[in-house]
file query.pdb (PDB, C-alpha atoms)
ATOM      1  CA  MET A   1     -19.652 -20.574   2.654
ATOM      2  CA  LYS A   2     -16.208 -20.628   4.268
ATOM      3  CA  ALA A   3     -14.476 -17.396   5.152
ATOM      4  CA  ALA A   4     -11.877 -15.721   7.372
ATOM      5  CA  VAL A   5     -14.226 -14.275   9.983
ATOM      6  CA  VAL A   6     -13.431 -11.692  12.644
ATOM      7  CA  PHE A   7     -15.598 -12.285  15.704
ATOM      8  CA  ASP A   8     -13.299 -10.475  18.133
ATOM      9  CA  PRO A   9     -10.814  -7.853  16.826
ATOM     10  CA  SER A  10      -8.397  -8.715  19.631
ATOM     11  CA  GLN A  11      -8.177 -12.323  18.393
ATOM     12  CA  GLY A  12      -7.841 -11.975  14.612
ATOM     13  CA  PRO A  13      -9.759 -13.876  11.924
ATOM     14  CA  VAL A  14     -10.620 -17.573  12.083
ATOM     15  CA  TYR A  15     -11.765 -20.031   9.432
ATOM     16  CA  ALA A  16     -15.520 -20.352   9.871
ATOM     17  CA  ASP A  17     -18.884 -20.581   8.169
ATOM     18  CA  PHE A  18     -20.563 -17.357   7.077
ATOM     19  CA  ALA A  19     -23.842 -16.780   5.272
ATOM     20  CA  GLU A  20     -23.524 -16.645   1.493
ATOM     21  CA  PRO A  21     -24.014 -13.151   0.082
ATOM     22  CA  VAL A  22     -26.660 -12.180  -2.439
ATOM     23  CA  ALA A  23     -25.712  -9.628  -5.060
ATOM     24  CA  ALA A  24     -27.665  -6.393  -4.756
ATOM     25  CA  GLU A  25     -28.440  -3.990  -7.580
ATOM     26  CA  ASN A  26     -25.266  -2.910  -9.413
ATOM     27  CA  GLN A  27     -23.283  -5.682  -7.719
ATOM     28  CA  GLN A  28     -21.934  -8.992  -8.962
ATOM     29  CA  LEU A  29     -20.861 -12.083  -7.057
ATOM     30  CA  ILE A  30     -17.185 -12.878  -7.408
ATOM     31  CA  GLN A  31     -15.868 -16.391  -6.917
ATOM     32  CA  VAL A  32     -12.703 -15.457  -5.073
ATOM     33  CA  THR A  33      -9.393 -17.065  -6.065
ATOM     34  CA  ALA A  34      -6.836 -15.080  -4.022
ATOM     35  CA  SER A  35      -6.691 -12.379  -1.351
ATOM     36  CA  ALA A  36      -3.640 -10.926   0.379
ATOM     37  CA  ILE A  37      -2.882  -9.652   3.849
ATOM     38  CA  SER A  38      -1.859  -5.989   3.842
ATOM     39  CA  HIS A  39      -1.275  -3.351   6.507
ATOM     40  CA  VAL A  40      -4.759  -1.932   6.041
ATOM     41  CA  VAL A  41      -6.329  -5.413   6.153
ATOM     42  CA  LYS A  42      -4.529  -6.228   9.417
ATOM     43  CA  SER A  43      -5.431  -2.860  10.884
ATOM     44  CA  ARG A  44      -9.115  -3.268   9.985
ATOM     45  CA  ALA A  45      -9.189  -6.811  11.369
ATOM     46  CA  SER A  46      -7.818  -5.503  14.665
ATOM     47  CA  GLY A  47     -10.496  -2.809  14.759
ATOM     48  CA  LYS A  48      -7.866  -0.048  14.722
ATOM     49  CA  HIS A  49      -8.146   1.295  11.174
ATOM     50  CA  TYR A  50     -10.064   4.526  10.710
ATOM     51  CA  SER A  51     -12.267   2.876   8.073
ATOM     52  CA  PHE A  52     -13.541   0.149  10.472
ATOM     53  CA  ASP A  53     -17.210   0.844  11.254
ATOM     54  CA  GLY A  54     -17.611  -1.430  14.304
ATOM     55  CA  THR A  55     -19.703  -4.143  12.631
ATOM     56  CA  LEU A  56     -19.139  -7.626  14.111
ATOM     57  CA  PRO A  57     -18.708 -10.305  12.963
ATOM     58  CA  PHE A  58     -17.261  -9.474   9.547
ATOM     59  CA  ILE A  59     -15.122 -11.108   6.890
ATOM     60  CA  ALA A  60     -11.506  -9.955   6.678
ATOM     61  CA  GLY A  61      -9.983  -8.557   3.504
ATOM     62  CA  ILE A  62     -10.712  -5.540   1.338
ATOM     63  CA  ASP A  63      -9.580  -6.761  -2.087
ATOM     64  CA  GLY A  64      -8.634  -9.808  -4.114
ATOM     65  CA  THR A  65      -8.845 -11.587  -7.425
ATOM     66  CA  GLY A  66     -11.527 -13.874  -8.710
ATOM     67  CA  VAL A  67     -13.858 -14.890 -11.487
ATOM     68  CA  THR A  68     -17.244 -13.417 -12.414
ATOM     69  CA  ARG A  69     -20.283 -15.527 -13.215
ATOM     70  CA  ASP A  70     -19.483 -15.168 -16.927
ATOM     71  CA  GLY A  71     -15.903 -16.383 -16.445
ATOM     72  CA  GLN A  72     -13.960 -13.113 -16.552
ATOM     73  CA  ARG A  73     -10.832 -12.856 -14.391
ATOM     74  CA  VAL A  74     -10.996  -9.688 -12.301
ATOM     75  CA  TYR A  75      -9.412  -7.760  -9.505
ATOM     76  CA  PHE A  76     -12.005  -6.438  -7.061
ATOM     77  CA  VAL A  77     -12.008  -4.117  -4.074
ATOM     78  CA  PHE A  78     -14.229  -2.982  -1.203
ATOM     79  CA  PRO A  79     -16.989  -5.562  -0.737
ATOM     80  CA  PRO A  80     -19.541  -3.861   1.543
ATOM     81  CA  THR A  81     -19.623  -4.644   5.280
ATOM     82  CA  PRO A  82     -19.892  -7.332   6.659
ATOM     83  CA  TRP A  83     -18.489  -9.005   3.548
ATOM     84  CA  GLY A  84     -14.810  -9.166   2.749
ATOM     85  CA  SER A  85     -12.453 -10.608   0.180
ATOM     86  CA  MET A  86     -11.220 -13.568   2.269
ATOM     87  CA  ALA A  87     -14.199 -15.768   1.482
ATOM     88  CA  GLN A  88     -15.376 -18.122  -1.217
ATOM     89  CA  LEU A  89     -17.801 -15.509  -2.534
ATOM     90  CA  ALA A  90     -17.838 -11.713  -2.374
ATOM     91  CA  PRO A  91     -20.534  -9.245  -3.504
ATOM     92  CA  VAL A  92     -18.827  -6.335  -5.231
ATOM     93  CA  ASP A  93     -19.983  -3.161  -6.899
ATOM     94  CA  VAL A  94     -19.575  -3.542 -10.655
ATOM     95  CA  ALA A  95     -17.572  -0.305 -10.689
ATOM     96  CA  HIS A  96     -15.107  -1.833  -8.207
ATOM     97  CA  CYS A  97     -14.135  -4.723 -10.490
ATOM     98  CA  LEU A  98     -11.322  -4.501 -13.015
ATOM     99  CA  PRO A  99     -10.328  -7.027 -15.686
ATOM    100  CA  LEU A 100      -6.970  -8.629 -14.930
ATOM    101  CA  PRO A 101      -4.364  -8.231 -17.679
ATOM    102  CA  ASP A 102      -2.990 -11.326 -19.349
ATOM    103  CA  GLY A 103       0.468 -12.176 -18.045
ATOM    104  CA  LEU A 104      -0.399 -11.449 -14.416
ATOM    105  CA  ASP A 105      -1.466 -14.457 -12.355
ATOM    106  CA  ASP A 106      -4.131 -14.217  -9.657
ATOM    107  CA  ALA A 107      -1.859 -14.622  -6.624
ATOM    108  CA  THR A 108       0.692 -12.059  -7.842
ATOM    109  CA  ALA A 109      -2.042  -9.572  -8.704
ATOM    110  CA  ALA A 110      -3.627 -10.026  -5.274
ATOM    111  CA  ALA A 111      -0.264  -9.542  -3.553
ATOM    112  CA  MET A 112       0.627  -6.495  -5.617
ATOM    113  CA  ALA A 113      -2.667  -4.630  -5.852
ATOM    114  CA  ASN A 114      -2.899  -2.885  -2.475
ATOM    115  CA  PRO A 115       0.740  -1.831  -1.990
ATOM    116  CA  GLY A 116       1.058  -1.077  -5.699
ATOM    117  CA  MET A 117      -2.075   1.047  -5.636
ATOM    118  CA  SER A 118      -0.793   3.005  -2.644
ATOM    119  CA  ALA A 119       2.488   3.720  -4.443
ATOM    120  CA  TRP A 120       0.835   4.570  -7.774
ATOM    121  CA  ALA A 121      -1.826   6.792  -6.190
ATOM    122  CA  ALA A 122       0.771   8.622  -4.077
ATOM    123  CA  LEU A 123       3.090   9.237  -7.019
ATOM    124  CA  VAL A 124       0.603   9.884  -9.807
ATOM    125  CA  ASN A 125      -2.629  11.084  -8.226
ATOM    126  CA  ARG A 126      -1.347  13.017  -5.226
ATOM    127  CA  ALA A 127       2.176  14.122  -6.148
ATOM    128  CA  GLY A 128       1.547  14.562  -9.867
ATOM    129  CA  PHE A 129       4.911  12.920 -10.521
ATOM    130  CA  LYS A 130       6.509  13.706 -13.895
ATOM    131  CA  ALA A 131       9.217  11.917 -15.848
ATOM    132  CA  GLY A 132      12.632  13.418 -15.135
ATOM    133  CA  GLU A 133      11.951  14.253 -11.488
ATOM    134  CA  THR A 134      13.819  13.033  -8.410
ATOM    135  CA  VAL A 135      11.881  11.012  -5.842
ATOM    136  CA  LEU A 136      12.832   9.945  -2.326
ATOM    137  CA  ILE A 137      11.038   6.908  -0.925
ATOM    138  CA  ASN A 138      11.171   6.878   2.865
ATOM    139  CA  GLY A 139      10.852   3.246   3.951
ATOM    140  CA  ALA A 140      11.620   1.587   0.631
ATOM    141  CA  THR A 141      12.334  -1.967   1.786
ATOM    142  CA  GLY A 142       8.767  -3.103   2.524
ATOM    143  CA  SER A 143       6.369  -4.391  -0.120
ATOM    144  CA  ALA A 144       4.877  -0.984  -0.911
ATOM    145  CA  GLY A 145       8.239   0.766  -0.870
ATOM    146  CA  ARG A 146       9.799  -1.767  -3.220
ATOM    147  CA  LEU A 147       6.896  -1.327  -5.619
ATOM    148  CA  ALA A 148       7.228   2.456  -5.340
ATOM    149  CA  VAL A 149      10.844   2.152  -6.523
ATOM    150  CA  GLN A 150       9.775   0.008  -9.479
ATOM    151  CA  ILE A 151       6.884   2.312 -10.359
ATOM    152  CA  ALA A 152       9.014   5.461 -10.153
ATOM    153  CA  ARG A 153      11.562   3.834 -12.449
ATOM    154  CA  HIS A 154       8.807   2.801 -14.882
ATOM    155  CA  LEU A 155       7.408   6.351 -14.867
ATOM    156  CA  GLY A 156      10.786   7.818 -15.812
ATOM    157  CA  ALA A 157      12.313   9.086 -12.577
ATOM    158  CA  LYS A 158      15.602  10.903 -13.084
ATOM    159  CA  LYS A 159      16.878   9.773  -9.691
ATOM    160  CA  ILE A 160      15.484   7.499  -6.975
ATOM    161  CA  ILE A 161      16.693   7.815  -3.380
ATOM    162  CA  ALA A 162      15.648   4.966  -1.080
ATOM    163  CA  THR A 163      15.796   4.955   2.703
ATOM    164  CA  GLY A 164      15.521   2.021   5.082
ATOM    165  CA  ARG A 165      16.962   0.262   8.114
ATOM    166  CA  ASN A 166      18.232  -2.906   6.415
ATOM    167  CA  PRO A 167      21.456  -2.402   4.404
ATOM    168  CA  GLN A 168      21.088  -5.687   2.516
ATOM    169  CA  ALA A 169      17.503  -4.901   1.535
ATOM    170  CA  LEU A 170      18.497  -1.400   0.431
ATOM    171  CA  ALA A 171      21.311  -2.783  -1.703
ATOM    172  CA  SER A 172      18.872  -5.074  -3.515
ATOM    173  CA  LEU A 173      16.730  -2.168  -4.735
ATOM    174  CA  ASN A 174      17.041  -0.591  -8.163
ATOM    175  CA  ALA A 175      17.707   2.816  -6.584
ATOM    176  CA  ASP A 176      20.286   5.428  -7.535
ATOM    177  CA  ALA A 177      21.142   6.267  -3.931
ATOM    178  CA  THR A 178      20.344   4.775  -0.543
ATOM    179  CA  VAL A 179      20.168   6.199   2.970
ATOM    180  CA  LEU A 180      20.584   3.938   6.001
ATOM    181  CA  LEU A 181      18.243   5.179   8.723
ATOM    182  CA  THR A 182      20.190   3.442  11.510
ATOM    183  CA  GLU A 183      23.157   5.793  11.071
ATOM    184  CA  ASP A 184      24.057   8.165  13.891
ATOM    185  CA  GLU A 185      21.437  10.911  13.804
ATOM    186  CA  SER A 186      23.935  13.687  13.073
ATOM    187  CA  VAL A 187      25.331  11.692  10.146
ATOM    188  CA  LEU A 188      21.831  10.905   8.915
ATOM    189  CA  ALA A 189      20.809  14.569   9.076
ATOM    190  CA  GLN A 190      23.863  15.547   7.017
ATOM    191  CA  THR A 191      23.175  12.829   4.435
ATOM    192  CA  LEU A 192      19.577  13.996   4.047
ATOM    193  CA  ALA A 193      20.758  17.602   3.779
ATOM    194  CA  THR A 194      23.123  16.668   0.962
ATOM    195  CA  HIS A 195      20.369  14.931  -0.979
ATOM    196  CA  ALA A 196      17.966  17.813  -0.373
ATOM    197  CA  ALA A 197      20.517  20.306  -1.679
ATOM    198  CA  GLY A 198      20.696  18.304  -4.897
ATOM    199  CA  GLN A 199      16.930  18.752  -5.345
ATOM    200  CA  ILE A 200      14.194  16.344  -4.355
ATOM    201  CA  ASP A 201      10.898  16.846  -6.161
ATOM    202  CA  VAL A 202       8.707  14.191  -4.530
ATOM    203  CA  VAL A 203       8.825  12.302  -1.224
ATOM    204  CA  ILE A 204       6.729   9.171  -0.677
ATOM    205  CA  ASP A 205       6.804   8.443   3.062
ATOM    206  CA  TYR A 206       5.811   5.048   4.461
ATOM    207  CA  LEU A 207       7.431   5.610   7.876
ATOM    208  CA  TRP A 208       6.567   8.987   9.410
ATOM    209  CA  GLY A 209       8.090   9.241  12.926
ATOM    210  CA  ARG A 210      11.593  10.553  13.547
ATOM    211  CA  SER A 211      12.890  10.026  10.007
ATOM    212  CA  ALA A 212      10.098  12.269   8.701
ATOM    213  CA  GLU A 213      11.052  14.999  11.174
ATOM    214  CA  LEU A 214      14.681  14.909  10.030
ATOM    215  CA  LEU A 215      13.719  14.745   6.366
ATOM    216  CA  LEU A 216      11.275  17.655   6.506
ATOM    217  CA  LYS A 217      13.823  19.823   8.305
ATOM    218  CA  ALA A 218      16.509  18.933   5.746
ATOM    219  CA  LEU A 219      14.174  19.810   2.890
ATOM    220  CA  ALA A 220      13.184  23.114   4.508
ATOM    221  CA  LYS A 221      16.775  24.197   5.048
ATOM    222  CA  HIS A 222      18.570  22.872   1.993
ATOM    223  CA  VAL A 223      16.274  22.346  -1.001
ATOM    224  CA  PRO A 224      17.324  24.814  -3.728
ATOM    225  CA  GLY A 225      15.031  27.350  -5.344
ATOM    226  CA  THR A 226      11.291  27.698  -4.875
ATOM    227  CA  ALA A 227      10.047  24.678  -6.832
ATOM    228  CA  PRO A 228       7.519  22.812  -4.678
ATOM    229  CA  VAL A 229       8.602  19.635  -2.919
ATOM    230  CA  ARG A 230       5.514  17.385  -2.834
ATOM    231  CA  TYR A 231       5.696  15.352   0.362
ATOM    232  CA  VAL A 232       3.135  12.525   0.415
ATOM    233  CA  GLN A 233       2.506  10.746   3.725
ATOM    234  CA  VAL A 234       1.310   7.174   3.073
ATOM    235  CA  GLY A 235       2.168   5.081   6.136
ATOM    236  CA  SER A 236       3.187   5.394   9.779
ATOM    237  CA  LEU A 237       5.342   2.338  10.399
ATOM    238  CA  ALA A 238       7.815   4.329  12.508
ATOM    239  CA  GLY A 239       5.301   6.370  14.502
ATOM    240  CA  GLN A 240       1.829   7.877  14.326
ATOM    241  CA  GLU A 241       2.890  11.406  15.274
ATOM    242  CA  ILE A 242       5.726  13.829  14.632
ATOM    243  CA  THR A 243       6.831  17.165  16.050
ATOM    244  CA  LEU A 244       6.879  19.694  13.226
ATOM    245  CA  PRO A 245       7.768  23.366  13.803
ATOM    246  CA  GLY A 246       5.489  25.637  11.823
ATOM    247  CA  ALA A 247       8.547  27.434  10.429
ATOM    248  CA  VAL A 248       9.442  24.322   8.436
ATOM    249  CA  LEU A 249       6.363  24.857   6.274
ATOM    250  CA  ARG A 250       6.410  28.666   6.320
ATOM    251  CA  SER A 251      10.036  28.941   5.243
ATOM    252  CA  SER A 252      10.042  26.390   2.417
ATOM    253  CA  PRO A 253       8.128  25.304  -0.699
ATOM    254  CA  ILE A 254       7.053  22.004   0.902
ATOM    255  CA  GLN A 255       3.565  20.802   0.021
ATOM    256  CA  LEU A 256       2.555  18.288   2.706
ATOM    257  CA  MET A 257      -0.292  15.897   1.864
ATOM    258  CA  GLY A 258      -1.536  12.383   2.519
ATOM    259  CA  SER A 259      -2.664   9.508   0.337
ATOM    260  CA  GLY A 260      -4.988   6.692   1.366
ATOM    261  CA  ILE A 261      -8.578   5.593   1.812
ATOM    262  CA  GLY A 262     -10.460   8.868   2.234
ATOM    263  CA  GLY A 263      -7.603  10.965   0.888
ATOM    264  CA  LEU A 264      -8.703   9.908  -2.589
ATOM    265  CA  SER A 265     -12.173   9.026  -3.801
ATOM    266  CA  LEU A 266     -13.043   5.351  -4.289
ATOM    267  CA  PRO A 267     -13.259   5.769  -8.083
ATOM    268  CA  ALA A 268      -9.794   7.365  -8.062
ATOM    269  CA  LEU A 269      -8.345   4.511  -5.981
ATOM    270  CA  VAL A 270      -9.897   1.884  -8.248
ATOM    271  CA  LYS A 271      -8.617   3.702 -11.335
ATOM    272  CA  ALA A 272      -5.120   3.939  -9.850
ATOM    273  CA  THR A 273      -5.138   0.194  -9.141
ATOM    274  CA  GLY A 274      -6.145  -0.613 -12.698
ATOM    275  CA  GLU A 275      -3.416   1.599 -14.110
ATOM    276  CA  MET A 276      -0.825   0.006 -11.827
ATOM    277  CA  LEU A 277      -1.879  -3.573 -12.665
ATOM    278  CA  ASN A 278      -1.661  -2.869 -16.384
ATOM    279  CA  ALA A 279       1.733  -1.207 -15.945
ATOM    280  CA  ALA A 280       2.912  -4.215 -13.903
ATOM    281  CA  VAL A 281       3.114  -6.356 -17.022
ATOM    282  CA  ALA A 282       4.919  -3.768 -19.156
ATOM    283  CA  GLY A 283       7.192  -2.772 -16.278
ATOM    284  CA  SER A 284       7.824  -6.335 -15.066
ATOM    285  CA  PHE A 285       6.927  -5.350 -11.503
ATOM    286  CA  SER A 286       7.602  -8.002  -8.892
ATOM    287  CA  ILE A 287       6.631  -8.557  -5.286
ATOM    288  CA  ALA A 288       7.799 -11.155  -2.796
ATOM    289  CA  HIS A 289       4.862 -13.253  -1.623
ATOM    290  CA  ARG A 290       3.979 -16.671  -0.306
ATOM    291  CA  THR A 291       0.713 -18.557  -0.601
ATOM    292  CA  ALA A 292      -1.366 -20.228   2.106
ATOM    293  CA  LEU A 293      -4.715 -21.952   2.241
ATOM    294  CA  LEU A 294      -7.592 -19.922   3.622
ATOM    295  CA  ALA A 295      -8.286 -22.798   6.032
ATOM    296  CA  ASP A 296      -4.940 -21.983   7.679
ATOM    297  CA  VAL A 297      -5.750 -18.297   8.221
ATOM    298  CA  ALA A 298      -5.448 -18.403  12.035
ATOM    299  CA  GLU A 299      -1.936 -19.882  11.840
ATOM    300  CA  ALA A 300      -0.736 -17.827   8.863
ATOM    301  CA  TRP A 301      -2.080 -14.446  10.034
ATOM    302  CA  PRO A 302       0.553 -13.644  12.709
ATOM    303  CA  LEU A 303       3.409 -14.858  10.465
ATOM    304  CA  ASP A 304       2.807 -12.253   7.753
ATOM    305  CA  ASP A 305       5.421  -9.524   7.341
ATOM    306  CA  SER A 306       6.008  -6.625   4.969
ATOM    307  CA  GLN A 307       8.956  -8.363   3.304
ATOM    308  CA  ASN A 308       7.012 -11.398   2.059
ATOM    309  CA  ARG A 309       3.290 -10.812   1.627
ATOM    310  CA  THR A 310       0.900 -13.650   2.479
ATOM    311  CA  VAL A 311      -1.697 -14.507  -0.165
ATOM    312  CA  PHE A 312      -4.588 -16.819   0.671
ATOM    313  CA  GLN A 313      -5.653 -19.142  -2.112
ATOM    314  CA  ILE A 314      -9.412 -19.652  -2.133
ATOM    315  CA  GLY A 315     -11.803 -21.743  -4.131
TER     316      GLY A 315
END

call {"tool": "encode", "arguments": {"input": "query.pdb", "output": "C-alpha cells"}}
result
Amino acid sequence: MKAAVVFDPSQGPVYADFAEPVAAENQQLIQVTASAISHVVKSRASGKHYSFDGTLPFIAGIDGTGVTRDGQRVYFVFPPTPWGSMAQLAPVDVAHCLPLPDGLDDATAAAMANPGMSAWAALVNRAGFKAGETVLINGATGSAGRLAVQIARHLGAKKIIATGRNPQALASLNADATVLLTEDESVLAQTLATHAAGQIDVVIDYLWGRSAELLLKALAKHVPGTAPVRYVQVGSLAGQEITLPGAVLRSSPIQLMGSGIGGLSLPALVKATGEMLNAAVAGSFSIAHRTALLADVAEAWPLDDSQNRTVFQIG
C-alpha cells in the first residue's frame, strides 16, 4: 500500500510503499479517508516526541478518519507501531474507533480531532471546568487555542480571556477579553494582574515559556480568595522550560497540572475525542484547514502551520 513513511526522522515523511497490515485480535482494518498534521504528529515524525519509541521505518500520523469493512464512518486513533494513520490502510484497536456524527465531514473531523481533543481533555478531564467559570487560554490563536475558545463557550464559560501575539487573530476570536503578549513586559504584567484580580478559575496554556512565568506570578499575587486556580499545561510553543519560584505555589491556591498523551489514559483520551466530535456539531465548531493529496506529503509537510491545518486526503 501507499503511505507517508518516515525512514529518517531528520528528513520527514515521504510517499512510499509499505507492507499492508493484517488486523490482529481485537483490531479492525480501517480504509483511511483523511489524516491531519498536528504538533504531536510532526514531533513524532522528527523523532523528538516523548512517545516515539525509536522504530524505523514507520508510517506518520496518529489519528484520522476512515471507513470500516462494514461501511461505518469512524474516527480512529493510535494505530500500533510501525503503522500510522497516513496510509491507505490502518490496523486499529476496536476500542480506539469512534463513529463519526452526521453533519461532520471526514476532512473537518480529521483536522479538528487532535487539537479539539487536547482542548476538551484539558478543560473537562483535567481542569474539571464548570459552567459559569472564567477561563484564560494562553496562546489562543493557533488551531487548538481557537477550538479551546469555542469549546469553553459551548460549555458555558462566564468569561473567556484569550492571549496571543497577533492582534488581528485575537480580534477574530469569540473571546470576552484579549491580551497581546507582545506588549512591553511591565504593561503585560499589569494587564495579567488586573485579570487575575477579577478571578480566573482555569488556565489552558499552549505556550509555556515567559508568558507562563508572568501569568503564574500574576495569579499568585492577585487572584482573590482561596478558590483553586487550575492551571493546565498543554503545549510548549514558547519554550520547553520556565523558571518558577517555589513561593508562587506555596503562597497561592494554584493547582499546576499537565494534559497530554500519558497525562491521561488512552481510554480517557479516546472518550474525550468522541465527546468533542459530537459537541462539534451542536456547537458549530470550526477549524481552518486545507487539503492535500497524500502523494504530495513531502512538499506539503514543511508548509503546514498552526493557523491552517493540513489534511491529507487518502483513498

call {"tool": "resolve_selection", "arguments": {"input": "query.pdb", "expression": "the PyMOL selection byres ((chain A and resi 94-98) around 6)", "output": "MDAnalysis selection string"}}
result
chainID A and resid 26:27 74:77 93 99

call {"tool": "residues_around", "arguments": {"input": "query.pdb", "residues": "Ser211 (chain A)", "least_positions_apart": "4", "cutoff": "12 Å", "atoms": "all atoms listed in the file", "output": "mmCIF file with C-alpha atoms, in the frame of the given file"}}
result
data_model
loop_
_atom_site.group_PDB
_atom_site.id
_atom_site.type_symbol
_atom_site.label_atom_id
_atom_site.label_comp_id
_atom_site.auth_asym_id
_atom_site.auth_seq_id
_atom_site.Cartn_x
_atom_site.Cartn_y
_atom_site.Cartn_z
ATOM 1 C CA ILE A 137 11.038 6.908 -0.925
ATOM 2 C CA ASN A 138 11.171 6.878 2.865
ATOM 3 C CA GLY A 139 10.852 3.246 3.951
ATOM 4 C CA THR A 163 15.796 4.955 2.703
ATOM 5 C CA GLY A 164 15.521 2.021 5.082
ATOM 6 C CA ARG A 165 16.962 0.262 8.114
ATOM 7 C CA VAL A 179 20.168 6.199 2.970
ATOM 8 C CA LEU A 180 20.584 3.938 6.001
ATOM 9 C CA LEU A 181 18.243 5.179 8.723
ATOM 10 C CA THR A 182 20.190 3.442 11.510
ATOM 11 C CA GLU A 183 23.157 5.793 11.071
ATOM 12 C CA ASP A 184 24.057 8.165 13.891
ATOM 13 C CA GLU A 185 21.437 10.911 13.804
ATOM 14 C CA LEU A 188 21.831 10.905 8.915
ATOM 15 C CA ALA A 189 20.809 14.569 9.076
ATOM 16 C CA LEU A 192 19.577 13.996 4.047
ATOM 17 C CA ASP A 205 6.804 8.443 3.062
ATOM 18 C CA TYR A 206 5.811 5.048 4.461
ATOM 19 C CA LEU A 207 7.431 5.610 7.876
ATOM 20 C CA LEU A 215 13.719 14.745 6.366
ATOM 21 C CA LEU A 216 11.275 17.655 6.506
ATOM 22 C CA LYS A 217 13.823 19.823 8.305
ATOM 23 C CA ALA A 218 16.509 18.933 5.746
ATOM 24 C CA SER A 236 3.187 5.394 9.779
ATOM 25 C CA LEU A 237 5.342 2.338 10.399
ATOM 26 C CA ALA A 238 7.815 4.329 12.508
ATOM 27 C CA GLY A 239 5.301 6.370 14.502
ATOM 28 C CA GLU A 241 2.890 11.406 15.274
ATOM 29 C CA ILE A 242 5.726 13.829 14.632
ATOM 30 C CA THR A 243 6.831 17.165 16.050
ATOM 31 C CA LEU A 244 6.879 19.694 13.226
#

call {"tool": "residues_around", "arguments": {"input": "query.pdb", "residues": "Met112 (chain A)", "least_positions_apart": "3", "cutoff": "10 Å", "atoms": "all atoms listed in the file", "output": "PyMOL selection string"}}
result
chain A and resi 36+38+64+106-109+115-117+143-144+147+273+276-277+280+285-289+309+311

call {"tool": "atom_distance", "arguments": {"input": "query.pdb", "atom1": "CA of Arg290 (chain A)", "atom2": "CA of Asp304 (chain A)"}}
result
9.3 Å

call {"tool": "atom_distance", "arguments": {"input": "query.pdb", "atom1": "CA of Asn114 (chain A)", "atom2": "CA of Val14 (chain A)"}}
result
22.1 Å

call {"tool": "resolve_selection", "arguments": {"input": "query.pdb", "expression": "the PyMOL selection byres ((chain A and resi 283) around 12)", "output": "list in words"}}
result
Gly103, Leu104, Leu147, Val149, Gln150, Ile151, Ala152, Arg153, His154, Leu155, Gly156, Glu275, Met276, Leu277, Asn278, Ala279, Ala280, Val281, Ala282, Ser284, Phe285 and Ser286 of chain A

call {"tool": "atom_distance", "arguments": {"input": "query.pdb", "atom1": "CA of Glu133 (chain A)", "atom2": "CA of Asn308 (chain A)"}}
result
29.4 Å

call {"tool": "resolve_selection", "arguments": {"input": "query.pdb", "expression": "the PyMOL selection byres ((chain A and resi 50-53) around 10)", "output": "PyMOL selection string"}}
result
chain A and resi 40+43-49+54-56+81-82+261-262

call {"tool": "residues_around", "arguments": {"input": "query.pdb", "residues": "Thr178 (chain A)", "least_positions_apart": "3", "cutoff": "7 Å", "atoms": "only C-alpha atoms", "output": "list in words"}}
result
Ile161, Ala162, Thr163, Leu170 and Ala175 of chain A

call {"tool": "closest_residue", "arguments": {"input": "query.pdb", "among": "A:Leu123, A:Ala60, A:Val135, A:Ala34", "to": "Ala111 (chain A)", "atoms": "only C-alpha atoms"}}
result
A:Ala34

call {"tool": "closest_residue", "arguments": {"input": "query.pdb", "among": "A:Asn125, A:Ser306, A:Ala295, A:Pro167", "to": "Tyr15 (chain A)", "atoms": "all atoms listed in the file"}}
result
A:Ala295

call {"tool": "closest_residue", "arguments": {"input": "query.pdb", "among": "A:Ala122, A:Leu89, A:Ala193, A:Ala3", "to": "Phe58 (chain A)", "atoms": "all atoms listed in the file"}}
result
A:Ala3

call {"tool": "axis_aligned_box", "arguments": {"input": "query.pdb", "around": "region 2-8 of chain A", "padding_each_side": "4 Å", "output": "lines of an AutoDock Vina configuration file"}}
result
center_x = -14.0
center_y = -15.6
center_z = 11.2
size_x = 12.3
size_y = 18.2
size_z = 21.9

call {"tool": "closest_residue", "arguments": {"input": "query.pdb", "among": "A:Gln199, A:Ser35, A:Ser259, A:Asn166", "to": "Gly132 (chain A)", "atoms": "only C-alpha atoms"}}
result
A:Gln199

call {"tool": "closest_residue", "arguments": {"input": "query.pdb", "among": "A:Ala121, A:Ala212, A:Ala157, A:Met1", "to": "Pro267 (chain A)", "atoms": "only C-alpha atoms"}}
result
A:Ala121
